[in-house]
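Next comes work_6.cif, with mmCIF, C-alpha atoms (C1' of nucleotides).
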data_final
#
loop_
_atom_site.label_atom_id
_atom_site.label_comp_id
_atom_site.auth_asym_id
_atom_site.auth_seq_id
_atom_site.Cartn_x
_atom_site.Cartn_y
_atom_site.Cartn_z
CA MET A 199 0.00 0.00 0.00
CA ALA A 200 1.53 3.23 1.16
CA LYS A 201 5.18 3.34 0.42
CA THR A 202 7.54 5.08 2.74
CA VAL A 203 10.55 6.80 1.34
CA GLN A 204 13.67 6.00 3.29
CA LYS A 205 15.83 9.00 3.87
CA GLU A 206 19.44 8.19 4.62
CA ASP A 207 20.45 10.95 6.94
CA SER A 208 17.36 12.82 8.03
CA THR A 209 16.71 10.96 11.25
CA ILE A 210 17.99 13.45 13.75
CA GLY A 211 16.52 11.34 16.49
CA GLN A 212 19.21 8.79 15.74
CA ASN A 213 21.84 11.47 15.94
CA THR A 214 23.02 11.32 12.36
CA LEU A 215 24.69 14.38 10.98
CA ASP A 216 23.64 15.38 7.50
CA GLY A 217 25.40 17.69 5.08
CA LYS A 218 23.80 20.82 6.51
CA ASP A 219 24.87 19.89 10.02
CA LEU A 220 28.42 19.44 8.81
CA SER A 221 28.30 22.79 7.01
CA ILE A 222 27.17 24.44 10.22
CA LEU A 223 29.92 22.68 12.16
CA ARG A 224 32.51 23.80 9.63
CA LEU A 225 31.51 27.42 10.15
CA LEU A 226 31.30 27.13 13.93
CA GLN A 227 34.69 25.44 14.23
CA GLU A 228 36.32 28.45 12.59
CA ASN A 229 34.36 31.01 14.56
CA ALA A 230 32.26 30.12 17.57
CA ARG A 231 30.86 33.63 17.68
CA ILE A 232 29.42 33.63 14.19
CA THR A 233 25.76 34.66 14.31
CA VAL A 234 22.98 32.21 13.58
CA LYS A 235 21.80 34.68 10.98
CA GLU A 236 25.09 34.57 9.13
CA ILE A 237 25.17 30.78 9.23
CA SER A 238 21.62 30.63 7.94
CA GLU A 239 22.55 32.76 4.94
CA LYS A 240 25.58 30.64 4.11
CA VAL A 241 23.80 27.30 4.35
CA HIS A 242 20.64 28.60 2.67
CA LEU A 243 18.20 28.09 5.51
CA SER A 244 16.29 30.43 7.78
CA THR A 245 17.46 31.01 11.32
CA THR A 246 15.01 28.63 13.00
CA PRO A 247 16.35 25.30 11.65
CA VAL A 248 19.94 26.47 12.11
CA HIS A 249 19.16 27.32 15.69
CA GLU A 250 17.49 23.97 16.23
CA ARG A 251 20.34 22.02 14.64
CA ILE A 252 22.96 23.76 16.74
CA LYS A 253 20.96 23.15 19.89
CA ARG A 254 20.59 19.49 18.99
CA MET A 255 24.31 19.11 18.38
CA GLU A 256 24.99 20.73 21.74
CA GLU A 257 22.61 18.36 23.49
CA THR A 258 23.90 15.23 21.80
CA GLY A 259 27.48 16.21 22.63
CA VAL A 260 28.66 16.61 19.05
CA ILE A 261 29.56 20.15 20.06
CA LYS A 262 31.70 19.77 23.17
CA GLN A 263 32.53 23.38 23.91
CA TYR A 264 32.72 26.90 22.61
CA ALA A 265 36.28 27.82 23.51
CA THR A 266 38.33 30.96 23.31
CA LEU A 267 41.89 30.19 22.27
CA VAL A 268 44.55 32.38 23.80
CA ASP A 269 48.00 33.06 22.38
CA HIS A 270 50.30 31.20 24.74
CA THR A 271 53.23 33.55 24.14
CA LYS A 272 51.11 36.50 25.30
CA VAL A 273 50.08 35.07 28.62
CA LYS A 274 53.56 34.05 29.74
CA LYS A 275 53.29 30.44 28.64
CA GLY A 276 55.89 30.58 25.92
CA LEU A 277 57.49 27.19 26.58
CA MET A 278 55.79 24.00 25.44
CA VAL A 279 57.14 20.61 26.45
CA ILE A 280 56.07 17.10 25.54
CA CYS A 281 56.61 14.87 28.49
CA TYR A 282 56.73 11.07 28.58
CA VAL A 283 55.99 9.27 31.77
CA SER A 284 56.15 5.65 32.82
CA LEU A 285 54.84 4.42 36.13
CA LYS A 286 56.57 1.98 38.47
CA GLN A 287 53.39 0.08 39.22
CA HIS A 288 50.61 -0.54 36.75
CA SER A 289 47.77 -1.48 39.06
CA LYS A 290 44.44 0.23 38.59
CA GLU A 291 44.77 2.09 41.89
CA ALA A 292 48.23 3.37 41.04
CA GLY A 293 47.07 4.54 37.63
CA ASP A 294 43.96 6.24 38.94
CA LYS A 295 45.95 8.10 41.55
CA PHE A 296 48.39 9.36 38.93
CA ILE A 297 45.55 10.45 36.66
CA LYS A 298 43.86 12.36 39.44
CA THR A 299 47.05 14.21 40.27
CA ILE A 300 47.74 15.08 36.64
CA GLN A 301 44.25 16.46 36.17
CA GLU A 302 44.87 18.91 38.99
CA LEU A 303 48.11 20.26 37.52
CA ASN A 304 47.30 23.42 35.58
CA GLU A 305 50.53 23.31 33.58
CA VAL A 306 49.46 20.00 32.04
CA ILE A 307 47.01 20.92 29.30
CA GLU A 308 46.85 17.49 27.68
CA CYS A 309 47.47 13.95 28.84
CA TYR A 310 47.07 10.72 26.89
CA ASN A 311 47.42 7.08 27.65
CA ILE A 312 49.70 5.77 24.94
CA SER A 313 51.11 2.61 23.44
CA GLY A 314 54.86 1.94 23.49
CA GLU A 315 57.50 2.01 26.17
CA PHE A 316 55.96 4.92 28.09
CA ASP A 317 52.55 4.95 29.72
CA PHE A 318 51.51 8.57 29.32
CA MET A 319 52.22 11.53 27.12
CA LEU A 320 51.75 15.00 28.59
CA LYS A 321 51.69 18.39 26.96
CA VAL A 322 52.99 20.95 29.41
CA VAL A 323 53.12 24.75 29.11
CA SER A 324 55.37 26.93 31.25
CA GLU A 325 56.59 30.50 31.36
CA ASP A 326 60.21 29.57 30.69
CA MET A 327 62.85 26.96 31.34
CA ASN A 328 63.14 27.88 35.01
CA ALA A 329 59.43 27.47 35.53
CA TYR A 330 59.51 24.14 33.70
CA TYR A 331 62.44 22.93 35.78
CA ASP A 332 60.48 23.80 38.90
CA PHE A 333 57.44 21.93 37.59
CA HIS A 334 59.52 18.91 36.62
CA VAL A 335 61.48 18.60 39.84
CA ASN A 336 59.01 19.82 42.43
CA ARG A 337 55.72 18.62 41.10
CA LEU A 338 55.92 16.01 38.37
CA SER A 339 58.77 13.97 39.83
CA GLN A 340 57.23 14.20 43.30
CA ILE A 341 54.19 12.19 42.26
CA GLU A 342 54.36 8.82 43.94
CA ASN A 343 54.74 5.77 41.74
CA MET A 344 56.52 7.89 39.14
CA GLY A 345 58.91 5.84 37.01
CA HIS A 346 60.81 7.45 34.16
CA VAL A 347 60.20 10.92 32.81
CA GLN A 348 61.49 12.15 29.47
CA SER A 349 61.08 15.72 28.19
CA VAL A 350 60.96 16.71 24.55
CA PHE A 351 60.97 20.44 23.88
CA VAL A 352 58.80 22.09 21.29
CA MET A 353 61.00 24.41 19.25
CA GLY A 354 58.39 25.55 16.78
CA ILE A 355 54.70 25.23 16.06
CA ILE A 356 54.12 24.17 12.46
CA LYS A 357 50.42 23.56 12.62
CA GLN A 358 47.75 23.77 15.29
CA THR A 359 44.10 23.27 14.55
CA HIS A 360 41.03 21.67 16.05
CA GLN A 361 39.27 21.30 12.73
CA LEU A 362 37.94 17.74 12.71
CA VAL A 363 35.20 18.48 10.20
CA TYR A 364 36.40 19.65 6.79
CA MET B 153 66.02 21.50 10.31
CA ALA B 154 63.09 23.59 9.44
CA LYS B 155 62.78 26.90 11.10
CA THR B 156 59.51 28.35 12.21
CA VAL B 157 58.71 31.87 13.15
CA GLN B 158 58.17 32.07 16.86
CA LYS B 159 56.45 35.25 17.94
CA GLU B 160 58.36 35.83 21.13
CA ASP B 161 58.02 39.58 21.06
CA SER B 162 55.58 41.28 23.36
CA THR B 163 56.27 44.83 22.30
CA ILE B 164 52.84 45.89 21.17
CA GLY B 165 52.66 49.10 23.11
CA GLN B 166 51.61 48.61 26.71
CA ASN B 167 49.98 45.33 26.15
CA THR B 168 49.80 44.41 29.81
CA LEU B 169 46.91 42.33 30.98
CA ASP B 170 45.54 43.27 34.37
CA GLY B 171 43.47 41.19 36.74
CA LYS B 172 40.20 42.10 35.10
CA ASP B 173 41.50 41.13 31.67
CA LEU B 174 42.55 37.78 33.06
CA SER B 175 39.15 37.30 34.69
CA ILE B 176 37.49 38.01 31.37
CA LEU B 177 39.84 35.57 29.62
CA ARG B 178 39.11 32.91 32.20
CA LEU B 179 35.39 33.18 31.47
CA LEU B 180 35.83 33.32 27.71
CA GLN B 181 38.16 30.30 27.64
CA GLU B 182 35.43 28.21 29.21
CA ASN B 183 32.63 29.55 27.04
CA ALA B 184 33.28 31.67 23.98
CA ARG B 185 29.56 32.36 23.66
CA ILE B 186 29.11 33.89 27.08
CA THR B 187 27.43 37.28 26.74
CA VAL B 188 29.25 40.50 27.50
CA LYS B 189 26.45 41.25 29.90
CA GLU B 190 27.09 38.10 31.90
CA ILE B 191 30.83 38.74 31.97
CA SER B 192 30.23 42.29 33.15
CA GLU B 193 28.17 41.05 36.08
CA LYS B 194 30.77 38.50 37.12
CA VAL B 195 33.73 40.87 36.98
CA HIS B 196 31.76 43.77 38.48
CA LEU B 197 31.96 46.18 35.57
CA SER B 198 29.43 47.55 33.13
CA THR B 199 29.25 46.21 29.61
CA THR B 200 31.19 48.99 27.89
CA PRO B 201 34.62 48.42 29.48
CA VAL B 202 34.21 44.66 29.13
CA HIS B 203 33.41 45.13 25.48
CA GLU B 204 36.43 47.39 25.02
CA ARG B 205 38.78 45.03 26.82
CA ILE B 206 37.68 42.06 24.73
CA LYS B 207 38.07 44.05 21.54
CA ARG B 208 41.55 45.14 22.60
CA MET B 209 42.59 41.56 23.36
CA GLU B 210 41.29 40.49 19.96
CA GLU B 211 43.24 43.23 18.21
CA THR B 212 46.48 42.62 20.09
CA GLY B 213 46.23 38.90 19.35
CA VAL B 214 45.88 37.76 22.95
CA ILE B 215 42.64 36.17 21.83
CA LYS B 216 43.57 34.05 18.82
CA GLN B 217 40.23 32.48 17.97
CA TYR B 218 36.74 31.66 19.12
CA ALA B 219 36.58 27.97 18.33
CA THR B 220 33.91 25.33 18.53
CA LEU B 221 35.31 22.04 19.78
CA VAL B 222 33.73 18.94 18.30
CA ASP B 223 33.68 15.47 19.86
CA HIS B 224 36.07 13.50 17.68
CA THR B 225 34.29 10.21 18.34
CA LYS B 226 31.02 11.65 17.00
CA VAL B 227 32.39 12.79 13.65
CA LYS B 228 34.13 9.55 12.73
CA LYS B 229 37.56 10.56 13.96
CA GLY B 230 37.84 8.10 16.78
CA LEU B 231 41.50 7.17 16.34
CA MET B 232 44.24 9.51 17.51
CA VAL B 233 47.88 8.83 16.70
CA ILE B 234 51.05 10.61 17.71
CA CYS B 235 53.50 10.41 14.87
CA TYR B 236 57.24 11.05 14.93
CA VAL B 237 59.03 12.00 11.78
CA SER B 238 62.66 12.53 10.90
CA LEU B 239 63.77 13.90 7.56
CA LYS B 240 66.59 12.61 5.41
CA GLN B 241 67.87 16.04 4.55
CA HIS B 242 67.81 18.98 6.89
CA SER B 243 68.26 21.87 4.47
CA LYS B 244 65.90 24.81 4.70
CA GLU B 245 64.29 23.96 1.36
CA ALA B 246 63.68 20.36 2.35
CA GLY B 247 62.16 21.38 5.64
CA ASP B 248 59.94 24.05 4.13
CA LYS B 249 58.62 21.63 1.56
CA PHE B 250 57.77 19.09 4.25
CA ILE B 251 56.02 21.76 6.31
CA LYS B 252 53.94 22.91 3.39
CA THR B 253 52.80 19.37 2.67
CA ILE B 254 51.92 18.71 6.29
CA GLN B 255 49.86 21.87 6.52
CA GLU B 256 47.73 20.65 3.66
CA LEU B 257 46.96 17.29 5.23
CA ASN B 258 43.61 17.52 7.00
CA GLU B 259 44.27 14.47 9.15
CA VAL B 260 47.22 16.24 10.77
CA ILE B 261 45.71 18.56 13.33
CA GLU B 262 48.97 19.47 15.10
CA CYS B 263 52.61 19.52 14.10
CA TYR B 264 55.60 20.62 16.17
CA ASN B 265 59.27 20.99 15.58
CA ILE B 266 60.88 19.12 18.44
CA SER B 267 64.18 18.45 20.14
CA GLY B 268 65.57 14.91 20.28
CA GLU B 269 66.16 12.21 17.72
CA PHE B 270 63.10 13.06 15.63
CA ASP B 271 62.48 16.34 13.83
CA PHE B 272 58.70 16.62 14.04
CA MET B 273 55.84 15.42 16.15
CA LEU B 274 52.41 15.13 14.52
CA LYS B 275 49.01 14.58 16.01
CA VAL B 276 46.86 12.69 13.53
CA VAL B 277 43.15 11.84 13.69
CA SER B 278 41.55 9.11 11.60
CA GLU B 279 38.32 7.21 11.41
CA ASP B 280 39.89 3.88 12.30
CA MET B 281 43.00 1.76 11.86
CA ASN B 282 42.33 1.16 8.17
CA ALA B 283 42.04 4.86 7.50
CA TYR B 284 45.22 5.50 9.45
CA TYR B 285 47.09 2.81 7.58
CA ASP B 286 46.00 4.42 4.33
CA PHE B 287 47.17 7.81 5.56
CA HIS B 288 50.50 6.40 6.75
CA VAL B 289 51.34 4.43 3.65
CA ASN B 290 49.79 6.49 0.89
CA ARG B 291 50.24 10.01 2.10
CA LEU B 292 52.72 10.44 4.94
CA SER B 293 55.34 8.01 3.71
CA GLN B 294 54.99 9.32 0.16
CA ILE B 295 56.30 12.74 1.12
CA GLU B 296 59.72 13.15 -0.43
CA ASN B 297 62.68 13.48 1.90
CA MET B 298 60.83 11.43 4.51
CA GLY B 299 63.22 9.59 6.82
CA HIS B 300 61.88 7.54 9.71
CA VAL B 301 58.29 7.50 10.90
CA GLN B 302 57.17 6.12 14.23
CA SER B 303 53.56 5.88 15.35
CA VAL B 304 52.36 5.94 18.93
CA PHE B 305 48.69 5.20 19.45
CA VAL B 306 46.51 7.09 21.87
CA MET B 307 44.59 4.57 23.93
CA GLY B 308 42.85 7.01 26.22
CA ILE B 309 42.40 10.70 26.77
CA ILE B 310 43.14 11.61 30.37
CA LYS B 311 43.01 15.35 30.04
CA GLN B 312 42.41 17.83 27.26
CA THR B 313 42.14 21.54 27.85
CA HIS B 314 43.16 24.81 26.26
CA GLN B 315 43.04 26.71 29.50
CA LEU B 316 46.26 28.70 29.62
CA VAL B 317 44.87 31.32 31.96
CA TYR B 318 43.80 30.02 35.36
"C1'" DA C 56 11.47 20.06 9.04
"C1'" DC C 57 11.08 24.48 7.10
"C1'" DT C 58 9.37 29.65 6.51
"C1'" DG C 59 8.08 34.06 8.37
"C1'" DA C 60 7.00 37.20 11.93
"C1'" DA C 61 7.30 39.16 16.37
"C1'" DA C 62 9.04 39.95 21.23
"C1'" DG C 63 12.64 40.26 24.13
"C1'" DA C 64 17.67 40.43 24.88
"C1'" DC C 65 21.92 41.90 23.52
"C1'" DA C 66 25.82 44.45 21.26
"C1'" DC C 67 27.74 48.54 20.46
"C1'" DA C 68 28.23 53.60 20.14
"C1'" DG C 69 27.61 58.25 22.22
"C1'" DA C 70 27.34 61.60 26.01
"C1'" DC C 71 28.82 62.26 30.27
"C1'" DT C 72 31.21 61.64 35.42
"C1'" DA D 123 38.87 54.31 32.71
"C1'" DG D 124 34.32 53.93 34.16
"C1'" DT D 125 28.64 54.36 34.26
"C1'" DC D 126 24.33 55.23 31.97
"C1'" DT D 127 21.31 55.43 28.07
"C1'" DG D 128 19.57 54.56 23.55
"C1'" DT D 129 19.32 52.34 18.88
"C1'" DG D 130 19.86 48.80 15.72
"C1'" DT D 131 20.52 43.95 15.32
"C1'" DC D 132 20.27 39.29 16.76
"C1'" DT D 133 18.36 35.36 19.26
"C1'" DT D 134 14.64 32.68 20.22
"C1'" DT D 135 9.91 31.34 20.24
"C1'" DC D 136 5.43 30.58 18.07
"C1'" DA D 137 2.34 30.44 14.57
"C1'" DG D 138 1.40 28.20 10.06
"C1'" DT D 139 2.73 25.20 5.87
#
Full structure transcribed into C-alpha cells:
Amino acid sequence: MAKTVQKEDSTIGQNTLDGKDLSILRLLQENARITVKEISEKVHLSTTPVHERIKRMEETGVIKQYATLVDHTKVKKGLMVICYVSLKQHSKEAGDKFIKTIQELNEVIECYNISGEFDFMLKVVSEDMNAYYDFHVNRLSQIENMGHVQSVFVMGIIKQTHQLVY
Amino acid sequence: MAKTVQKEDSTIGQNTLDGKDLSILRLLQENARITVKEISEKVHLSTTPVHERIKRMEETGVIKQYATLVDHTKVKKGLMVICYVSLKQHSKEAGDKFIKTIQELNEVIECYNISGEFDFMLKVVSEDMNAYYDFHVNRLSQIENMGHVQSVFVMGIIKQTHQLVY
DNA sequence: ACTGAAAGACACAGACT
DNA sequence: AGTCTGTGTCTTTCAGT
C-alpha cells in the first residue's frame, strides 16, 4: 500500500549528521561567535532550523565546547614541552591516583594514555625553562609511583588546529 | 632542520593584561559564547569596558580564535595517533617543503618541531585503523625526503584543555 | 522540518562623570 | 577608565505550511 521513502540521513533522532549539520559545524569550528543569521545565509536556511540544529548538536554532545583560544606567548606560557611518563606500578589504583594528580596540575594541558614504552604523554606549558624545571622537579617527579620521565621540547609550532570536520 | 617563526616579542605598546583582563579571559576560555552582559556582572563592571577590553585583546592577538570544539568520536575521527618523523635532509628547502605538505593534510591537526632524535611530532586523527594505515602508507610516507616514521597510538584521553589562563 | 513574523535580549556607540 | 542610556541587530519562540 503506502510506500515510505527512506531517507538516509534525516533521522535526527538517531543522531546522524547530515550535510547541513556538517556545514554548520565547519563554520562554527572556525568562529564560535558567528551569528545564527550569518550561518543561515551561508547554508541557505532560515534562522530557525539552524538554531534547532545547533541546539541538537549541543545536546547530543557533538559540540563539546565553545572555547576561546589564547596566544600562549602572550600570557607568559611561551614554553611547550612534551613529556613522557612511565609508572613503576601498573595497578588500577596506582594509575587512577596518577591520573587524578595530573588532572589537577594546571601546567598539564593534555594527557594521553599511549602505546609503546611509556605509559603517558603529557603536553605541558610553562613560562620559561626555570618554571619548567620547577614543575619537573618539584611537582611532576614528586608524584608517587613515578617511574621514568622524558622531556621533549617544542621548538616551533608548524600547525595547530582543532578542525575535525572539513 | 626547518625553522619556524616564533612570535616571542611582546612589544605591542603597553599590552599588559591586568586582573580584570585575566578574569574576562578565564570566562571566555570556558565559554566563547558567554554574553558581554554576563561577563560584566561576574567581573563587576558595566558592559562597555568589558566590550572594550575584549576588543583590545582580539586586536592585540591575545585572543587568537573563538573555536567550537567537536567530539572526535562523533564525527568519525575516533583514532588519535602521535606520529614522529625525521627527515633525510635537513636543508631549509627540504624542511619548508615538508612543512607545506603537512599543513595541507587535514588528518594532521597538530605539528611541532621538536628536540631529540626526531624532527617533528604530529598529532593525527583518523576514522579507524584502516584509514590511518592508508594515511600512513599512501600520504605520509609518500612525502619526499621522509626519513623515519614512528607511530604511537593514543589509547585514552586523560586530560584535554586549552586553558592557559587560570 | 522548514518559513516568516514578532518579542525580548543583547551588542555597540555616544554623552557624560 | 568607568557608568548610563539609547538604537539597531540578533536570538529565540510561536504560529502556520
Evaluate the PyMOL selection byres ((chain A) within 8 of (chain B)) against this structure - the residues, as number ranges by chain, please. A: 223, 226-231, 259-273, 275-276, 297, 301, 304-305, 307-314, 323, 350-364
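When every C-alpha of chain B is superposed on its counterpart in chain A by least squares, the root-mean-square deviation equals 9.1 Å.
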Neighbours of chain D in chain A at 9 Å, counting all atoms listed in the file, as a PyMOL selection string: chain A and resi 233-235+246+249
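The gap separating atom CA of B:Val202 from atom C1' of C:DC67 is 11.5 Å, in Å to one decimal.
We find atom CA of B:Ser243 and atom CA of B:Tyr285 to be spaced 28.7 Å apart.
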Any chance you could resolve the PyMOL selection byres ((chain C) within 10 of (chain B)) against this file and give the residues as a count of residues only? 4
So which residues touch B:Glu296 within 12 Å, counting all atoms listed in the file, skipping near sequence neighbours fewer than 3 positions away, as a list in words? Ser238, Leu239, Lys240, Gln241, Glu245, Ala246, Gly247, Asp248, Lys249, Phe250, Ile251, Lys252, Thr253, Ile254, Arg291, Leu292, Ser293, Gly299 and His300 of chain B
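With atom CA of A:Pro247 on one side and atom CA of B:Glu279 on the other, the separation reads 28.5 Å.
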